[in-house]
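Have a look at data09.csv below; it lists CSV, C-alpha atoms and all ligand atoms.
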chain,number,residue,atom,x,y,z
E,1,MET,CA,-26.5,17.8,19.5
E,2,THR,CA,-28.3,20.2,21.9
E,3,ARG,CA,-31.6,19.3,23.6
E,4,LYS,CA,-33.4,21.9,21.5
E,5,GLU,CA,-32.1,20.5,18.2
E,6,LEU,CA,-33.0,17.0,19.3
E,7,ASP,CA,-36.4,18.0,20.4
E,8,ALA,CA,-37.0,19.7,17.1
E,9,GLU,CA,-35.8,16.6,15.3
E,10,THR,CA,-37.8,14.1,17.3
E,11,HIS,CA,-40.9,15.9,18.3
E,12,SER,CA,-41.7,17.5,14.9
E,13,VAL,CA,-42.1,14.0,13.6
E,14,THR,CA,-45.6,12.7,13.9
E,15,LEU,CA,-46.3,9.5,15.8
E,16,GLY,CA,-47.0,7.7,12.6
E,17,GLU,CA,-43.4,8.3,11.5
E,18,LYS,CA,-41.8,7.0,14.7
E,19,THR,CA,-40.5,3.6,15.3
E,20,ILE,CA,-40.5,1.9,18.6
E,21,SER,CA,-38.1,-1.0,19.2
E,22,LEU,CA,-39.2,-3.6,21.7
E,23,VAL,CA,-36.3,-5.2,23.4
E,24,VAL,CA,-37.3,-8.7,24.6
E,25,PRO,CA,-34.8,-11.0,26.4
E,26,ALA,CA,-35.5,-14.7,26.3
E,27,PHE,CA,-33.8,-17.5,28.1
E,28,ASN,CA,-35.2,-21.0,27.4
E,29,GLU,CA,-38.6,-19.6,26.4
E,30,GLU,CA,-39.6,-21.9,23.5
E,31,ALA,CA,-43.1,-22.1,25.0
E,32,SER,CA,-43.6,-18.4,25.3
E,33,ILE,CA,-41.9,-17.1,22.1
E,34,PRO,CA,-44.7,-18.2,19.7
E,35,LEU,CA,-47.4,-16.8,22.0
E,36,PHE,CA,-45.5,-13.5,22.3
E,37,ILE,CA,-45.0,-13.2,18.6
E,38,GLU,CA,-48.6,-14.0,17.9
E,39,ALA,CA,-49.8,-11.4,20.4
E,40,PHE,CA,-47.3,-8.8,19.1
E,41,MET,CA,-48.3,-9.3,15.4
E,42,ARG,CA,-51.9,-8.9,16.4
E,43,ALA,CA,-51.3,-5.9,18.7
E,44,ARG,CA,-49.1,-3.9,16.3
E,45,GLN,CA,-51.9,-3.7,13.7
E,46,GLY,CA,-53.8,-1.4,16.0
E,47,TRP,CA,-50.7,0.7,16.8
E,48,GLU,CA,-50.3,4.2,15.2
E,49,PHE,CA,-46.5,3.9,15.2
E,50,ASN,CA,-44.1,1.6,13.6
E,51,SER,CA,-42.6,-1.2,15.7
E,52,GLU,CA,-39.9,-3.8,15.6
E,53,VAL,CA,-38.8,-6.4,18.1
E,54,ILE,CA,-35.2,-7.2,19.0
E,55,PHE,CA,-35.2,-10.5,20.8
E,56,VAL,CA,-32.1,-11.3,22.8
E,57,ASP,CA,-31.6,-15.1,23.1
E,58,ASP,CA,-29.6,-15.3,26.3
E,59,GLY,CA,-27.9,-18.5,25.5
E,60,SER,CA,-31.0,-20.7,25.6
E,61,SER,CA,-30.4,-24.5,25.5
E,62,ASP,CA,-33.9,-25.3,24.2
E,63,GLY,CA,-35.5,-24.6,20.8
E,64,SER,CA,-35.7,-20.8,21.4
E,65,LEU,CA,-33.1,-19.9,18.9
E,66,ALA,CA,-34.5,-22.1,16.2
E,67,LEU,CA,-37.9,-20.5,16.7
E,68,LEU,CA,-36.4,-17.0,16.5
E,69,ARG,CA,-34.6,-17.8,13.3
E,70,HIS,CA,-37.8,-19.1,11.8
E,71,TYR,CA,-39.9,-16.1,12.7
E,72,ALA,CA,-37.2,-13.6,11.8
E,73,SER,CA,-37.0,-15.1,8.3
E,74,GLN,CA,-40.7,-14.6,7.9
E,75,HIS,CA,-41.2,-11.1,9.3
E,76,GLU,CA,-39.1,-8.1,8.6
E,77,CYS,CA,-40.1,-6.5,12.0
E,78,LEU,CA,-38.7,-9.5,14.0
E,79,ASN,CA,-35.0,-9.5,14.8
E,80,TYR,CA,-32.8,-11.3,17.1
E,81,ILE,CA,-29.4,-11.5,18.7
E,82,SER,CA,-28.2,-14.7,20.1
E,83,PHE,CA,-25.5,-14.9,22.9
E,84,SER,CA,-22.8,-17.5,22.9
E,85,ARG,CA,-23.9,-18.5,26.4
E,86,ASN,CA,-26.2,-17.3,29.2
E,87,PHE,CA,-25.1,-13.8,30.3
E,88,GLY,CA,-28.1,-12.9,32.4
E,89,LYS,CA,-31.1,-10.7,31.8
E,90,GLU,CA,-29.5,-7.4,32.6
E,91,ILE,CA,-26.8,-7.9,30.0
E,92,ALA,CA,-29.4,-9.1,27.5
E,93,LEU,CA,-31.2,-5.8,28.0
E,94,SER,CA,-28.0,-3.9,27.3
E,95,ALA,CA,-27.3,-5.9,24.2
E,96,GLY,CA,-30.9,-5.2,23.0
E,97,ILE,CA,-30.6,-1.4,23.4
E,98,ASP,CA,-27.2,-1.6,21.7
E,99,HIS,CA,-28.9,-2.9,18.6
E,100,ALA,CA,-32.2,-1.1,18.7
E,101,SER,CA,-32.7,1.7,16.2
E,102,GLY,CA,-36.1,3.1,17.1
E,103,HIS,CA,-36.9,6.6,18.3
E,104,ALA,CA,-37.7,4.9,21.6
E,105,VAL,CA,-37.1,1.5,23.1
E,106,VAL,CA,-39.5,-0.5,25.2
E,107,MET,CA,-38.1,-3.3,27.3
E,108,MET,CA,-40.4,-6.2,28.1
E,109,ASP,CA,-40.4,-9.8,29.1
E,110,VAL,CA,-41.3,-12.5,26.6
E,111,ASP,CA,-43.7,-14.3,29.0
E,112,LEU,CA,-46.4,-11.7,28.4
E,113,GLN,CA,-46.3,-10.5,32.0
E,114,HIS,CA,-45.7,-7.1,30.6
E,115,PRO,CA,-48.9,-6.6,28.6
E,116,LEU,CA,-48.6,-5.4,25.0
E,117,SER,CA,-51.7,-3.3,25.5
E,118,THR,CA,-49.6,-1.1,27.8
E,119,VAL,CA,-47.1,-0.3,25.1
E,120,PRO,CA,-49.3,2.3,23.3
E,121,GLU,CA,-50.0,3.9,26.7
E,122,PHE,CA,-46.2,4.3,27.3
E,123,VAL,CA,-45.8,5.6,23.8
E,124,LYS,CA,-48.6,8.1,24.2
E,125,THR,CA,-47.2,9.4,27.4
E,126,TRP,CA,-43.7,9.7,25.9
E,127,HIS,CA,-45.0,11.4,22.8
E,128,GLU,CA,-47.5,13.8,24.3
E,129,GLN,CA,-45.8,14.8,27.5
E,130,GLY,CA,-42.3,14.8,26.1
E,131,VAL,CA,-40.9,12.7,29.0
E,132,ASP,CA,-37.8,10.6,28.4
E,133,ILE,CA,-38.6,7.6,30.5
E,134,VAL,CA,-41.9,6.0,31.1
E,135,TYR,CA,-41.8,3.0,33.5
E,136,GLY,CA,-44.5,0.6,34.5
E,137,VAL,CA,-45.5,0.0,38.1
E,138,ARG,CA,-47.2,-3.3,38.9
E,139,ASP,CA,-50.6,-3.1,40.3
E,140,GLU,CA,-50.5,-4.0,44.0
E,141,ASP,CA,-52.5,-7.3,44.0
E,142,ASN,CA,-50.4,-9.1,41.5
E,143,GLN,CA,-49.5,-12.8,41.3
E,144,GLU,CA,-46.3,-12.6,43.4
E,145,THR,CA,-46.2,-14.4,46.7
E,146,PRO,CA,-46.5,-12.2,49.8
E,147,LEU,CA,-42.9,-13.2,50.7
E,148,LYS,CA,-41.6,-12.1,47.3
E,149,ARG,CA,-43.5,-8.8,47.6
E,150,TRP,CA,-42.2,-8.2,51.1
E,151,THR,CA,-38.6,-9.0,50.3
E,152,SER,CA,-38.8,-6.7,47.2
E,153,ARG,CA,-40.2,-3.9,49.3
E,154,GLN,CA,-37.4,-4.3,51.9
E,155,PHE,CA,-34.9,-4.2,49.1
E,156,TYR,CA,-36.1,-0.9,47.8
E,157,ARG,CA,-36.2,0.6,51.3
E,158,PHE,CA,-32.7,-0.6,52.0
E,159,PHE,CA,-31.3,0.5,48.7
E,160,ASN,CA,-32.8,4.0,49.0
E,161,LYS,CA,-31.4,4.4,52.5
E,162,MET,CA,-28.0,3.2,51.4
E,163,ALA,CA,-27.3,4.4,47.8
E,164,HIS,CA,-26.7,7.8,46.4
E,165,THR,CA,-29.3,7.0,43.7
E,166,ARG,CA,-33.0,6.8,44.5
E,167,LEU,CA,-34.9,3.8,43.0
E,168,PRO,CA,-38.6,4.4,42.5
E,169,GLU,CA,-40.3,1.6,44.4
E,170,GLY,CA,-42.1,-1.0,42.3
E,171,GLY,CA,-40.5,0.2,39.0
E,172,GLY,CA,-39.4,-2.8,37.2
E,173,ASP,CA,-37.8,-3.4,33.8
E,174,PHE,CA,-40.9,-2.8,31.9
E,175,ARG,CA,-40.3,0.7,30.5
E,176,LEU,CA,-39.9,3.0,27.6
E,177,LEU,CA,-36.7,4.9,27.0
E,178,ASP,CA,-36.3,7.8,24.7
E,179,ARG,CA,-33.4,7.6,22.2
E,180,ARG,CA,-31.5,10.2,24.3
E,181,VAL,CA,-31.6,7.9,27.3
E,182,VAL,CA,-30.7,4.9,25.2
E,183,ASP,CA,-27.6,6.7,23.9
E,184,VAL,CA,-26.5,7.6,27.4
E,185,LEU,CA,-27.0,4.1,28.6
E,186,LYS,CA,-25.0,2.7,25.7
E,187,SER,CA,-22.1,5.0,26.6
E,188,LEU,CA,-21.8,3.7,30.2
E,189,PRO,CA,-18.7,1.5,30.4
E,190,GLU,CA,-19.4,-0.6,33.4
E,191,ARG,CA,-19.7,-4.4,33.2
E,192,ASN,CA,-21.9,-4.7,36.2
E,193,ARG,CA,-25.3,-3.8,34.7
E,194,PHE,CA,-27.8,-3.2,37.5
E,195,MET,CA,-30.2,-1.7,35.0
E,196,LYS,CA,-32.8,-0.4,37.5
E,197,GLY,CA,-30.1,1.6,39.2
E,198,LEU,CA,-28.7,2.8,35.9
E,199,TYR,CA,-32.1,4.1,34.7
E,200,ALA,CA,-32.4,6.1,37.9
E,201,TRP,CA,-28.8,7.2,37.8
E,202,VAL,CA,-29.0,8.8,34.3
E,203,GLY,CA,-31.9,11.0,35.4
E,204,PHE,CA,-34.1,12.6,32.7
E,205,ASP,CA,-37.8,13.4,33.0
E,206,THR,CA,-39.5,10.2,34.2
E,207,GLN,CA,-43.2,9.3,34.4
E,208,ALA,CA,-44.8,6.2,36.1
E,209,LEU,CA,-47.7,4.3,34.7
E,210,THR,CA,-49.5,1.5,36.5
E,211,TYR,CA,-50.3,-1.8,34.7
E,212,GLU,CA,-51.8,-5.1,35.7
E,213,GLN,CA,-49.4,-7.9,35.6
E,214,PRO,CA,-50.9,-11.3,34.5
E,215,PRO,CA,-49.2,-14.6,35.5
E,216,ARG,CA,-46.6,-16.0,33.2
E,217,VAL,CA,-48.1,-17.3,30.0
E,218,ALA,CA,-45.9,-20.5,29.8
E,219,GLY,CA,-42.8,-22.0,31.4
E,220,ASN,CA,-41.4,-21.0,34.8
E,221,THR,CA,-39.5,-18.1,36.3
E,222,THR,CA,-35.7,-18.6,36.5
E,223,PHE,CA,-35.4,-16.1,39.3
E,224,ASN,CA,-35.2,-18.0,42.6
E,225,TYR,CA,-34.4,-16.4,45.9
E,226,TRP,CA,-30.7,-17.0,45.8
E,227,LYS,CA,-30.5,-15.3,42.3
E,228,LEU,CA,-32.6,-12.4,43.6
E,229,TRP,CA,-30.4,-12.1,46.7
E,230,ASN,CA,-27.3,-11.9,44.5
E,231,PHE,CA,-29.0,-9.5,42.2
E,232,ALA,CA,-29.9,-7.2,45.2
E,233,LEU,CA,-26.3,-7.5,46.4
E,234,ASP,CA,-25.0,-6.4,43.0
E,235,GLY,CA,-27.3,-3.5,43.0
E,236,ILE,CA,-26.2,-2.3,46.4
E,237,VAL,CA,-22.6,-2.8,45.8
E,238,SER,CA,-22.7,-1.0,42.4
E,239,PHE,CA,-24.5,2.0,43.7
E,240,SER,CA,-23.3,2.5,47.3
E,241,THR,CA,-20.1,2.7,49.2
E,242,TRP,CA,-21.9,2.7,52.5
E,243,PRO,CA,-21.0,-1.0,53.3
E,244,LEU,CA,-17.4,0.0,53.0
E,245,ARG,CA,-17.6,2.9,55.3
E,246,VAL,CA,-19.8,1.5,58.0
E,247,TRP,CA,-16.8,-0.4,59.5
E,248,SER,CA,-15.1,2.8,60.5
E,249,TYR,CA,-18.0,3.8,62.6
E,250,LEU,CA,-18.4,0.3,64.1
E,251,GLY,CA,-14.7,0.3,64.9
E,252,VAL,CA,-15.0,3.6,66.7
E,253,GLY,CA,-17.9,2.4,68.6
E,254,VAL,CA,-16.2,-0.9,69.7
E,255,ALA,CA,-13.0,1.0,70.6
E,256,LEU,CA,-15.0,3.3,72.8
E,257,ILE,CA,-16.7,0.5,74.5
E,258,ALA,CA,-13.4,-1.3,75.0
E,259,PHE,CA,-11.9,1.9,76.5
E,260,LEU,CA,-14.7,2.4,78.9
E,261,TYR,CA,-14.7,-1.3,79.9
E,262,GLY,CA,-10.9,-1.1,80.4
E,263,ALA,CA,-11.2,2.0,82.7
E,264,TYR,CA,-13.9,0.2,84.7
E,265,ILE,CA,-11.7,-2.9,85.2
E,266,VAL,CA,-8.8,-0.7,86.3
E,267,LEU,CA,-11.0,1.1,88.8
E,268,ARG,CA,-12.6,-2.1,90.0
E,269,THR,CA,-9.2,-3.7,90.6
E,270,LEU,CA,-8.0,-0.6,92.5
E,271,VAL,CA,-11.1,-0.7,94.7
E,272,LEU,CA,-11.8,-4.4,95.1
E,273,GLY,CA,-8.4,-5.9,94.3
E,274,ALA,CA,-7.7,-8.5,91.5
E,275,ASP,CA,-9.8,-11.5,91.0
E,276,VAL,CA,-9.8,-14.3,88.3
E,277,PRO,CA,-10.9,-12.6,85.1
E,278,GLY,CA,-14.0,-13.8,83.2
E,279,TYR,CA,-13.1,-16.4,80.8
E,280,ALA,CA,-16.5,-16.4,79.1
E,281,SER,CA,-16.6,-12.7,78.5
E,282,LEU,CA,-13.1,-12.8,77.0
E,283,THR,CA,-14.1,-15.6,74.6
E,284,ALA,CA,-17.3,-13.9,73.6
E,285,GLY,CA,-15.4,-10.6,73.0
E,286,VAL,CA,-12.7,-12.3,70.8
E,287,MET,CA,-15.2,-14.2,68.8
E,288,PHE,CA,-17.4,-11.1,68.3
E,289,LEU,CA,-14.5,-9.1,67.0
E,290,GLY,CA,-13.2,-11.9,64.9
E,291,GLY,CA,-16.6,-12.2,63.3
E,292,MET,CA,-16.8,-8.5,62.6
E,293,GLN,CA,-13.4,-8.5,61.0
E,294,LEU,CA,-14.3,-11.4,58.7
E,295,ILE,CA,-17.4,-9.6,57.7
E,296,SER,CA,-15.6,-6.4,56.9
E,297,ILE,CA,-13.0,-8.3,54.9
E,298,GLY,CA,-15.8,-10.0,53.0
E,299,VAL,CA,-17.3,-6.6,52.2
E,300,ILE,CA,-14.0,-5.3,50.9
E,301,GLY,CA,-13.7,-8.6,48.9
E,302,GLU,CA,-17.1,-7.8,47.3
E,303,TYR,CA,-15.9,-4.5,46.1
E,304,LEU,CA,-12.5,-5.7,45.1
E,305,GLY,CA,-14.0,-8.6,43.1
E,306,ARG,CA,-16.1,-6.1,41.1
E,307,LEU,CA,-13.1,-3.8,40.6
E,308,PHE,CA,-11.2,-6.9,39.3
E,309,ILE,CA,-14.0,-7.7,36.8
E,310,GLU,CA,-14.2,-4.1,35.6
E,311,THR,CA,-10.5,-3.8,35.1
E,312,LYS,CA,-10.3,-6.8,32.9
E,313,ASP,CA,-12.4,-4.9,30.4
E,314,ARG,CA,-13.8,-7.9,28.7
E,315,PRO,CA,-16.7,-7.3,26.4
E,316,LEU,CA,-20.1,-7.3,28.1
E,317,TYR,CA,-21.5,-10.1,25.9
E,318,ILE,CA,-20.6,-12.3,23.0
E,319,VAL,CA,-22.9,-12.5,20.0
E,320,ALA,CA,-22.9,-15.9,18.4
E,321,GLU,CA,-25.4,-15.1,15.7
E,322,SER,CA,-27.8,-12.3,14.9
E,323,ARG,CA,-30.2,-10.8,12.5
E,324,VAL,CA,-30.7,-7.1,13.2
E,325,PRO,CA,-31.4,-4.2,10.9
E,326,ASP,CA,-28.3,-2.2,10.0
E,327,ASN,CA,-27.9,0.9,12.1
E,328,GLU,CA,-24.9,3.2,11.9
E,329,SER,CA,-23.9,3.0,15.5
E,401,LIG,N1,-34.3,-14.0,31.2
E,401,LIG,C1,-33.1,-13.8,30.5
E,401,LIG,N2,-31.9,-14.4,31.0
E,401,LIG,C2,-31.9,-15.1,32.2
E,401,LIG,C3,-33.1,-15.2,32.9
E,401,LIG,C4,-34.3,-14.6,32.4
E,401,LIG,O1,-33.0,-13.2,29.4
E,401,LIG,O2,-30.8,-15.5,32.6
E,401,LIG,C5,-35.5,-13.4,30.6
E,401,LIG,C6,-36.7,-14.3,30.5
E,401,LIG,O3,-36.7,-15.1,29.3
E,401,LIG,C7,-37.9,-13.4,30.5
E,401,LIG,C8,-37.4,-12.3,31.4
E,401,LIG,O4,-35.9,-12.4,31.5
E,401,LIG,O5,-38.2,-12.8,29.3
E,401,LIG,C9,-37.9,-12.3,32.8
E,401,LIG,O6,-37.7,-13.6,33.4
E,401,LIG,P1,-38.7,-14.3,34.3
E,401,LIG,O7,-40.1,-14.2,33.8
E,401,LIG,O8,-38.2,-15.7,34.6
E,401,LIG,O9,-38.6,-13.4,35.7
E,401,LIG,P2,-39.8,-12.9,36.6
E,401,LIG,O10,-40.9,-12.4,35.7
E,401,LIG,O11,-40.2,-14.0,37.5
E,401,LIG,O12,-39.1,-11.8,37.4
E,402,MG,MG,-41.8,-13.2,34.2
When written as structure tokens, how does the structure in this file appear?
Ligand code: UDP
Ligand code: MG
Amino acid sequence: MTRKELDAETHSVTLGEKTISLVVPAFNEEASIPLFIEAFMRARQGWEFNSEVIFVDDGSSDGSLALLRHYASQHECLNYISFSRNFGKEIALSAGIDHASGHAVVMMDVDLQHPLSTVPEFVKTWHEQGVDIVYGVRDEDNQETPLKRWTSRQFYRFFNKMAHTRLPEGGGDFRLLDRRVVDVLKSLPERNRFMKGLYAWVGFDTQALTYEQPPRVAGNTTFNYWKLWNFALDGIVSFSTWPLRVWSYLGVGVALIAFLYGAYIVLRTLVLGADVPGYASLTAGVMFLGGMQLISIGVIGEYLGRLFIETKDRPLYIVAESRVPDNES
């Protein structure tokens, strides 16, 4: 379908006829789920458009699934998918968009850190300005610790220097995606789902909107620094080959220094004669080079490991149980 045909099809429809699917991942969120549902049921009464929720239970071990079953049996607009185990938030988001049938999808957290009151603003921007992606940017003085904010800023800086894809700083997962974008994302084959990178990679007209992020409504975050570090590493390795290439330049640099130093030793021996060579400088040199080689092998390992995972071609996630509306795709 061409863009014109699609535009004619989607934009001639009034807002009242459109359906927005909220994709909401949840991992051990029994405390937040009822609060989210209550807030959603209240908020949607004031919305001009139709809405549905696709919860993705990411292998919770608490009562989350039982709650979702209960609520889904009571309300037509509440749906869920439940994974056989914990697959991680990025994959939960992918599963959500696979099963969402709306004209647009809004991804949000269940802990109410992504305010429901911002959803109509996203929808309005999408509908009136005809953009394909609307993403939320957190207001500066949010609840994050200064260290988390600093590390996050460094990550965006580093990523944007390194990768072929530019990430807009501060743009998180809270965003609206038009059906066109959803279809493209669904067609991407990779197992390594660094969603922030993928949104940027697919392109399309994008618009930012700021929102104020309240603290978590209940429970605790599961993202600690180690998880965030691995997440950042995933992002960089999936979107940049710079870490692989840098070693060639380092190698050339070190070889050049070694050559100059060798020439200096030859000259010095010719002029001053031979003396006992420096044991310490030799050890330092060997250890330095050994370290560099181990790091570069480690970097190759990072990429090779990902290649290995991709070639196995396993499914992205396993659904143990679900209740979602039938959609043809
Ligand atoms: N989440 C998930 N799988 C995980 C970890 C988290 O689906 O393995 C969900 C979680 O239930 C929440 C969202 O991802 O809806 C964001 O998690 P959290 O609030 O812990 O992260 P933060 O807001 O601190 O970045
Ligand atoms: Mg949160």
My list of candidates is E:Val286, E:Val134, E:Ala39, E:Val246. Which is closest to Val299 (chain E) when distances are computed with all atoms listed in the file?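 Ranked by minimum distance to Val299 (chain E), first place goes to E:Val246.
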Name the closest residue to ligand MG 402 (chain E) among the candidates E:Asp111, E:Asp234, E:Asp57, E:Asp178; distances are taken between atoms, counting all atoms listed in the file.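 Once distances to ligand MG 402 (chain E) are computed over all atoms listed in the file, the minimum belongs to E:Asp111.
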Could you please extract the residues within 8 Å of ligand LIG 401 (chain E), counting all atoms listed in the file, and hand them back as an NGL selection string? :E and (24-29 or 56-59 or 86-90 or 92-93 or 108-111 or 113 or 216 or 220-223)
Tell me, in Å to one decimal, how far CA of Lys227 (chain E) is from CA of Glu310 (chain E). 20.9 Å
Could you check the closest approach to Ser82 (chain E) for each of E:Trp201, E:Leu272, E:Asp98, E:Leu65 and tell me which residue wins, using only C-alpha atoms?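 Result for the nearest residue to Ser82 (chain E): E:Leu65.
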Closest to ligand MG 402 (chain E) among E:Gln45, E:Asn230, E:Ser248, E:Gln213, using all atoms listed in the file?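 For ligand MG 402 (chain E), the nearest of the candidates is E:Gln213.
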Work out how far CA of Gly171 (chain E) is from CA of Asp139 (chain E), in Å to one decimal.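 CA of Gly171 (chain E) lies at a distance of 10.7 Å from CA of Asp139 (chain E).
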Could you work out how far CA of Val182 (chain E) lies from CA of Thr14 (chain E), giving the answer in Å with one decimal? 20.3 Å
For each of E:Val184, E:Ala218, E:Val106, E:Leu167, take the minimum atom-to-atom distance to ligand MG 402 (chain E), counting all atoms listed in the file, then give the residue where this is smallest.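 Selected residue with least distance to ligand MG 402 (chain E): E:Ala218.
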With distances taken over all atoms listed in the file, which residue among E:Ser84, E:Ser32, E:Asn192, E:Thr19 lies nearest ligand MG 402 (chain E)? E:Ser32
Write out as JSON, numbers by chain each polymer residue whose atoms come within 12 Å of Pro189 (chain E), counting only C-alpha atoms; drop sequence neighbours fewer than 6 positions from it. {"E": [94, 198, 310, 311, 313, 314, 315, 316]}
Residue neighbourhood region 48-52 of chain E, 12 Å, all atoms listed in the file, exclusion window fewer than 6 positions, as a count of residues only: 41
Within 12 Å of region 287-298 of chain E, counting all atoms listed in the file, which residues qualify if same-chain residues fewer than 3 places away don't, as a PyMOL selection string? chain E and resi 242-251+254-255+258+280-284+301-305
Filtering to C-alpha atoms, could you give me those residues as a PDB file, in the frame of the given file?
ATOM      1  CA  TRP E 242     -21.900   2.700  52.500  1.00  0.00           C
ATOM      2  CA  PRO E 243     -21.000  -1.000  53.300  1.00  0.00           C
ATOM      3  CA  LEU E 244     -17.400   0.000  53.000  1.00  0.00           C
ATOM      4  CA  ARG E 245     -17.600   2.900  55.300  1.00  0.00           C
ATOM      5  CA  VAL E 246     -19.800   1.500  58.000  1.00  0.00           C
ATOM      6  CA  TRP E 247     -16.800  -0.400  59.500  1.00  0.00           C
ATOM      7  CA  SER E 248     -15.100   2.800  60.500  1.00  0.00           C
ATOM      8  CA  TYR E 249     -18.000   3.800  62.600  1.00  0.00           C
ATOM      9  CA  LEU E 250     -18.400   0.300  64.100  1.00  0.00           C
ATOM     10  CA  GLY E 251     -14.700   0.300  64.900  1.00  0.00           C
ATOM     11  CA  VAL E 254     -16.200  -0.900  69.700  1.00  0.00           C
ATOM     12  CA  ALA E 255     -13.000   1.000  70.600  1.00  0.00           C
ATOM     13  CA  ALA E 258     -13.400  -1.300  75.000  1.00  0.00           C
ATOM     14  CA  ALA E 280     -16.500 -16.400  79.100  1.00  0.00           C
ATOM     15  CA  SER E 281     -16.600 -12.700  78.500  1.00  0.00           C
ATOM     16  CA  LEU E 282     -13.100 -12.800  77.000  1.00  0.00           C
ATOM     17  CA  THR E 283     -14.100 -15.600  74.600  1.00  0.00           C
ATOM     18  CA  ALA E 284     -17.300 -13.900  73.600  1.00  0.00           C
ATOM     19  CA  GLY E 301     -13.700  -8.600  48.900  1.00  0.00           C
ATOM     20  CA  GLU E 302     -17.100  -7.800  47.300  1.00  0.00           C
ATOM     21  CA  TYR E 303     -15.900  -4.500  46.100  1.00  0.00           C
ATOM     22  CA  LEU E 304     -12.500  -5.700  45.100  1.00  0.00           C
ATOM     23  CA  GLY E 305     -14.000  -8.600  43.100  1.00  0.00           C
TER      24      GLY E 305
END
